[in-house]
$ cat start22.cif   # mmCIF, C-alpha atoms
data_my_file
#
loop_
_atom_site.group_PDB
_atom_site.id
_atom_site.type_symbol
_atom_site.label_atom_id
_atom_site.label_comp_id
_atom_site.auth_asym_id
_atom_site.auth_seq_id
_atom_site.Cartn_x
_atom_site.Cartn_y
_atom_site.Cartn_z
ATOM 1 C CA MET A 1 -115.572 -24.240 -31.404
ATOM 2 C CA ASP A 2 -117.211 -20.859 -31.689
ATOM 3 C CA ALA A 3 -120.814 -19.744 -31.383
ATOM 4 C CA GLU A 4 -121.432 -20.187 -35.097
ATOM 5 C CA MET A 5 -120.417 -23.851 -34.912
ATOM 6 C CA VAL A 6 -122.696 -24.430 -31.911
ATOM 7 C CA LEU A 7 -125.638 -22.821 -33.685
ATOM 8 C CA ARG A 8 -124.977 -24.936 -36.785
ATOM 9 C CA LEU A 9 -124.943 -28.119 -34.705
ATOM 10 C CA ILE A 10 -128.172 -27.146 -32.951
ATOM 11 C CA ARG A 11 -129.816 -26.390 -36.294
ATOM 12 C CA GLU A 12 -128.678 -29.748 -37.679
ATOM 13 C CA ALA A 13 -129.967 -31.546 -34.579
ATOM 14 C CA LEU A 14 -133.395 -29.944 -34.916
ATOM 15 C CA LEU A 15 -133.529 -30.697 -38.634
ATOM 16 C CA LEU A 16 -132.515 -34.310 -38.004
ATOM 17 C CA THR A 17 -135.249 -34.623 -35.379
ATOM 18 C CA LEU A 18 -137.787 -33.308 -37.864
ATOM 19 C CA VAL A 19 -136.642 -35.641 -40.636
ATOM 20 C CA LEU A 20 -136.492 -38.743 -38.438
ATOM 21 C CA SER A 21 -139.917 -38.159 -36.943
ATOM 22 C CA ALA A 22 -141.530 -37.538 -40.338
ATOM 23 C CA LEU A 23 -141.896 -41.204 -41.339
ATOM 24 C CA PRO A 24 -143.857 -42.411 -38.279
ATOM 25 C CA VAL A 25 -145.917 -39.220 -38.125
ATOM 26 C CA LEU A 26 -146.846 -39.443 -41.806
ATOM 27 C CA ALA A 27 -147.762 -43.105 -41.418
ATOM 28 C CA ALA A 28 -150.052 -42.277 -38.493
ATOM 29 C CA MET A 29 -151.597 -39.359 -40.378
ATOM 30 C CA ILE A 30 -152.344 -41.409 -43.480
ATOM 31 C CA ILE A 31 -153.861 -44.256 -41.484
ATOM 32 C CA GLY A 32 -155.842 -41.757 -39.399
ATOM 33 C CA LEU A 33 -157.243 -40.156 -42.531
ATOM 34 C CA LEU A 34 -158.227 -43.514 -44.012
ATOM 35 C CA ILE A 35 -159.855 -44.658 -40.772
ATOM 36 C CA SER A 36 -161.757 -41.377 -40.391
ATOM 37 C CA LEU A 37 -163.066 -41.691 -43.948
ATOM 38 C CA PHE A 38 -164.153 -45.241 -43.156
ATOM 39 C CA GLN A 39 -165.843 -44.075 -39.943
ATOM 40 C CA ALA A 40 -167.621 -41.257 -41.743
ATOM 41 C CA ALA A 41 -168.869 -43.624 -44.436
ATOM 42 C CA THR A 42 -170.081 -46.312 -42.036
ATOM 43 C CA GLN A 43 -171.078 -44.098 -39.077
ATOM 44 C CA ILE A 44 -169.031 -46.307 -36.718
ATOM 45 C CA GLN A 45 -167.564 -44.102 -33.981
ATOM 46 C CA GLU A 46 -165.456 -46.573 -32.025
ATOM 47 C CA GLN A 47 -162.315 -44.973 -30.539
ATOM 48 C CA THR A 48 -160.228 -48.142 -30.527
ATOM 49 C CA LEU A 49 -160.787 -48.399 -34.258
ATOM 50 C CA THR A 50 -158.547 -45.354 -34.734
ATOM 51 C CA VAL A 51 -155.856 -46.056 -32.164
ATOM 52 C CA VAL A 52 -154.876 -49.652 -32.929
ATOM 53 C CA PRO A 53 -154.239 -49.216 -36.685
ATOM 54 C CA LYS A 54 -152.206 -46.063 -36.005
ATOM 55 C CA ILE A 55 -150.019 -47.895 -33.499
ATOM 56 C CA ILE A 56 -149.497 -50.732 -35.958
ATOM 57 C CA ALA A 57 -148.656 -48.263 -38.751
ATOM 58 C CA VAL A 58 -146.130 -46.429 -36.574
ATOM 59 C CA PHE A 59 -144.436 -49.696 -35.571
ATOM 60 C CA LEU A 60 -144.301 -50.794 -39.210
ATOM 61 C CA ALA A 61 -142.851 -47.434 -40.236
ATOM 62 C CA LEU A 62 -140.218 -47.728 -37.518
ATOM 63 C CA GLY A 63 -139.463 -51.272 -38.626
ATOM 64 C CA VAL A 64 -139.050 -50.247 -42.239
ATOM 65 C CA GLY A 65 -137.105 -47.037 -41.628
ATOM 66 C CA GLY A 66 -135.444 -47.878 -38.345
ATOM 67 C CA LEU A 67 -132.082 -48.891 -39.761
ATOM 68 C CA TRP A 68 -131.860 -45.716 -41.842
ATOM 69 C CA MET A 69 -132.839 -43.645 -38.799
ATOM 70 C CA LEU A 70 -130.179 -45.343 -36.701
ATOM 71 C CA ARG A 71 -127.514 -44.669 -39.333
ATOM 72 C CA GLN A 72 -128.465 -40.994 -39.444
ATOM 73 C CA LEU A 73 -128.284 -40.738 -35.644
ATOM 74 C CA ILE A 74 -124.900 -42.471 -35.518
ATOM 75 C CA GLN A 75 -123.534 -40.206 -38.229
ATOM 76 C CA PHE A 76 -124.744 -37.101 -36.396
ATOM 77 C CA ALA A 77 -123.409 -38.331 -33.052
ATOM 78 C CA THR A 78 -120.011 -38.996 -34.634
ATOM 79 C CA VAL A 79 -119.840 -35.457 -36.013
ATOM 80 C CA LEU A 80 -121.038 -34.059 -32.702
ATOM 81 C CA PHE A 81 -118.418 -35.918 -30.643
ATOM 82 C CA GLU A 82 -115.668 -34.925 -33.078
ATOM 83 C CA ASN A 83 -116.651 -31.284 -32.689
ATOM 84 C CA ILE A 84 -116.877 -31.545 -28.908
ATOM 85 C CA GLY A 85 -113.263 -32.725 -28.960
ATOM 86 C CA ARG A 86 -112.298 -29.417 -30.553
ATOM 87 C CA VAL A 87 -113.684 -27.267 -27.734
ATOM 88 C CA GLY A 88 -111.132 -24.778 -26.543
ATOM 89 C CA THR A 89 -108.843 -25.060 -29.540
#
$ encode --input "start22.cif" --output "structure tokens"
Amino acid sequence: MDAEMVLRLIREALLLTLVLSALPVLAAMIIGLLISLFQAATQIQEQTLTVVPKIIAVFLALGVGGLWMLRQLIQFATVLFENIGRVGT
């Protein structure tokens, strides 16, 4: 395994991290935008009104996309461990 292979694996790991975190982050952003519009329209400035729906949205996003995320992580880990086995050859 040469330096190019290591850099490719690092790049894939960072890209996978970005892709897997996108679903919960987008869910929180969308809910945050909707709640802030609601707060601006009603002039209610309660902090718990923003936090609780975001937490629920993130948990729902993880529940919906969790199996896909797990499959992606397992696939990457399999490739990673196969390449680690080739170190020194």
$ resolve_selection --input "start22.cif" --expression "the PyMOL selection byres ((chain A and resi 42-58) around 7)" --output "list in words"
Pro24, Ala27, Ala28, Ile31, Gly32, Ile35, Phe38, Gln39, Ala40, Ala41, Phe59, Leu60, Ala61 and Leu62 of chain A
$ write_last_selection --input "start22.cif" --atoms "C-alpha atoms" --output "compact mmCIF listing (two decimals), in the frame of the given file"
# COMPACT_ATOMS: atom_id res chain seq x y z
CA PRO A 24 -143.86 -42.41 -38.28
CA ALA A 27 -147.76 -43.10 -41.42
CA ALA A 28 -150.05 -42.28 -38.49
CA ILE A 31 -153.86 -44.26 -41.48
CA GLY A 32 -155.84 -41.76 -39.40
CA ILE A 35 -159.85 -44.66 -40.77
CA PHE A 38 -164.15 -45.24 -43.16
CA GLN A 39 -165.84 -44.08 -39.94
CA ALA A 40 -167.62 -41.26 -41.74
CA ALA A 41 -168.87 -43.62 -44.44
CA PHE A 59 -144.44 -49.70 -35.57
CA LEU A 60 -144.30 -50.79 -39.21
CA ALA A 61 -142.85 -47.43 -40.24
CA LEU A 62 -140.22 -47.73 -37.52
$ axis_aligned_box --input "start22.cif" --around "stretch 33-47 of chain A" --padding-each-side "3 Å" --output "AutoDock Vina command-line options"
--center_x -164.2 --center_y -43.4 --center_z -37.5 --size_x 19.8 --size_y 12.4 --size_z 19.9
$ atom_distance --input "start22.cif" --atom1 "atom CA of A:Gly66" --atom2 "atom CA of A:Ala22"
12.2 Å
$ residues_around --input "start22.cif" --residues "stretch 75-78 of chain A" --least-positions-apart "5" --cutoff "9 Å" --atoms "only C-alpha atoms" --output "NGL selection string"
:A and (12-13 or 16 or 70 or 83)
$ closest_residue --input "start22.cif" --among "A:Met5, A:Ile10, A:Leu80, A:Val64" --to "A:Leu23" --atoms "only C-alpha atoms"
A:Val64
$ closest_residue --input "start22.cif" --among "A:Leu15, A:Leu26, A:Leu20, A:Arg8" --to "A:Gln72" --atoms "all atoms listed in the file"
A:Leu20
$ atom_distance --input "start22.cif" --atom1 "atom CA of A:Arg71" --atom2 "atom CA of A:Asp2"
27.0 Å
$ atom_distance --input "start22.cif" --atom1 "atom CA of A:Val19" --atom2 "atom CA of A:Leu37"
27.3 Å
$ closest_residue --input "start22.cif" --among "A:Met69, A:Val79, A:Leu33, A:Ile84" --to "A:Ser21" --atoms "all atoms listed in the file"
A:Met69
$ build_atoms --input "start22.cif" --residues "stretch 37-67 of chain A" --atoms "N, CA and C atoms" --output "short mmCIF file (atom, residue, chain, number, x, y, z; two decimals), in the frame of the given file"
data_model
loop_
_atom_site.label_atom_id
_atom_site.label_comp_id
_atom_site.auth_asym_id
_atom_site.auth_seq_id
_atom_site.Cartn_x
_atom_site.Cartn_y
_atom_site.Cartn_z
N LEU A 37 -162.18 -41.57 -42.78
CA LEU A 37 -163.07 -41.69 -43.95
C LEU A 37 -163.96 -42.92 -43.83
N PHE A 38 -163.38 -44.02 -43.37
CA PHE A 38 -164.15 -45.24 -43.16
C PHE A 38 -165.23 -45.01 -42.10
N GLN A 39 -164.87 -44.34 -41.00
CA GLN A 39 -165.84 -44.08 -39.94
C GLN A 39 -166.95 -43.15 -40.43
N ALA A 40 -166.60 -42.16 -41.23
CA ALA A 40 -167.62 -41.26 -41.74
C ALA A 40 -168.57 -41.97 -42.70
N ALA A 41 -168.03 -42.91 -43.47
CA ALA A 41 -168.87 -43.62 -44.44
C ALA A 41 -169.78 -44.64 -43.75
N THR A 42 -169.31 -45.25 -42.68
CA THR A 42 -170.08 -46.31 -42.04
C THR A 42 -170.78 -45.85 -40.76
N GLN A 43 -170.50 -44.64 -40.30
CA GLN A 43 -171.08 -44.10 -39.08
C GLN A 43 -170.69 -44.90 -37.83
N ILE A 44 -169.57 -45.60 -37.88
CA ILE A 44 -169.03 -46.31 -36.72
C ILE A 44 -168.10 -45.34 -36.00
N GLN A 45 -168.36 -45.07 -34.74
CA GLN A 45 -167.56 -44.10 -33.98
C GLN A 45 -166.86 -44.77 -32.80
N GLU A 46 -166.19 -45.85 -33.06
CA GLU A 46 -165.46 -46.57 -32.02
C GLU A 46 -164.04 -46.00 -31.93
N GLN A 47 -163.62 -45.60 -30.73
CA GLN A 47 -162.32 -44.97 -30.54
C GLN A 47 -161.15 -45.93 -30.75
N THR A 48 -161.32 -47.18 -30.35
CA THR A 48 -160.23 -48.14 -30.53
C THR A 48 -159.98 -48.44 -31.99
N LEU A 49 -160.96 -48.18 -32.83
CA LEU A 49 -160.79 -48.40 -34.26
C LEU A 49 -159.75 -47.44 -34.84
N THR A 50 -159.55 -46.30 -34.23
CA THR A 50 -158.55 -45.35 -34.73
C THR A 50 -157.18 -45.58 -34.12
N VAL A 51 -157.13 -45.98 -32.87
CA VAL A 51 -155.86 -46.06 -32.16
C VAL A 51 -155.03 -47.27 -32.59
N VAL A 52 -155.62 -48.42 -32.65
CA VAL A 52 -154.88 -49.65 -32.93
C VAL A 52 -154.22 -49.63 -34.31
N PRO A 53 -154.92 -49.27 -35.39
CA PRO A 53 -154.24 -49.22 -36.68
C PRO A 53 -153.11 -48.18 -36.75
N LYS A 54 -153.28 -47.06 -36.03
CA LYS A 54 -152.21 -46.06 -36.01
C LYS A 54 -150.97 -46.61 -35.32
N ILE A 55 -151.16 -47.31 -34.21
CA ILE A 55 -150.02 -47.90 -33.50
C ILE A 55 -149.31 -48.91 -34.38
N ILE A 56 -150.09 -49.74 -35.06
CA ILE A 56 -149.50 -50.73 -35.96
C ILE A 56 -148.74 -50.05 -37.09
N ALA A 57 -149.31 -48.98 -37.66
CA ALA A 57 -148.66 -48.26 -38.75
C ALA A 57 -147.35 -47.61 -38.29
N VAL A 58 -147.35 -47.06 -37.09
CA VAL A 58 -146.13 -46.43 -36.57
C VAL A 58 -145.05 -47.49 -36.34
N PHE A 59 -145.42 -48.63 -35.78
CA PHE A 59 -144.44 -49.70 -35.57
C PHE A 59 -143.90 -50.23 -36.90
N LEU A 60 -144.76 -50.36 -37.89
CA LEU A 60 -144.30 -50.79 -39.21
C LEU A 60 -143.37 -49.76 -39.84
N ALA A 61 -143.71 -48.49 -39.70
CA ALA A 61 -142.85 -47.43 -40.24
C ALA A 61 -141.49 -47.43 -39.55
N LEU A 62 -141.49 -47.65 -38.23
CA LEU A 62 -140.22 -47.73 -37.52
C LEU A 62 -139.43 -48.97 -37.91
N GLY A 63 -140.14 -50.06 -38.18
CA GLY A 63 -139.46 -51.27 -38.63
C GLY A 63 -138.85 -51.12 -40.00
N VAL A 64 -139.56 -50.44 -40.87
CA VAL A 64 -139.05 -50.25 -42.24
C VAL A 64 -137.92 -49.22 -42.26
N GLY A 65 -138.10 -48.10 -41.57
CA GLY A 65 -137.10 -47.04 -41.63
C GLY A 65 -136.16 -46.97 -40.45
N GLY A 66 -136.24 -47.93 -39.56
CA GLY A 66 -135.44 -47.88 -38.34
C GLY A 66 -133.95 -47.93 -38.57
N LEU A 67 -133.52 -48.77 -39.50
CA LEU A 67 -132.08 -48.89 -39.76
C LEU A 67 -131.53 -47.60 -40.35
#
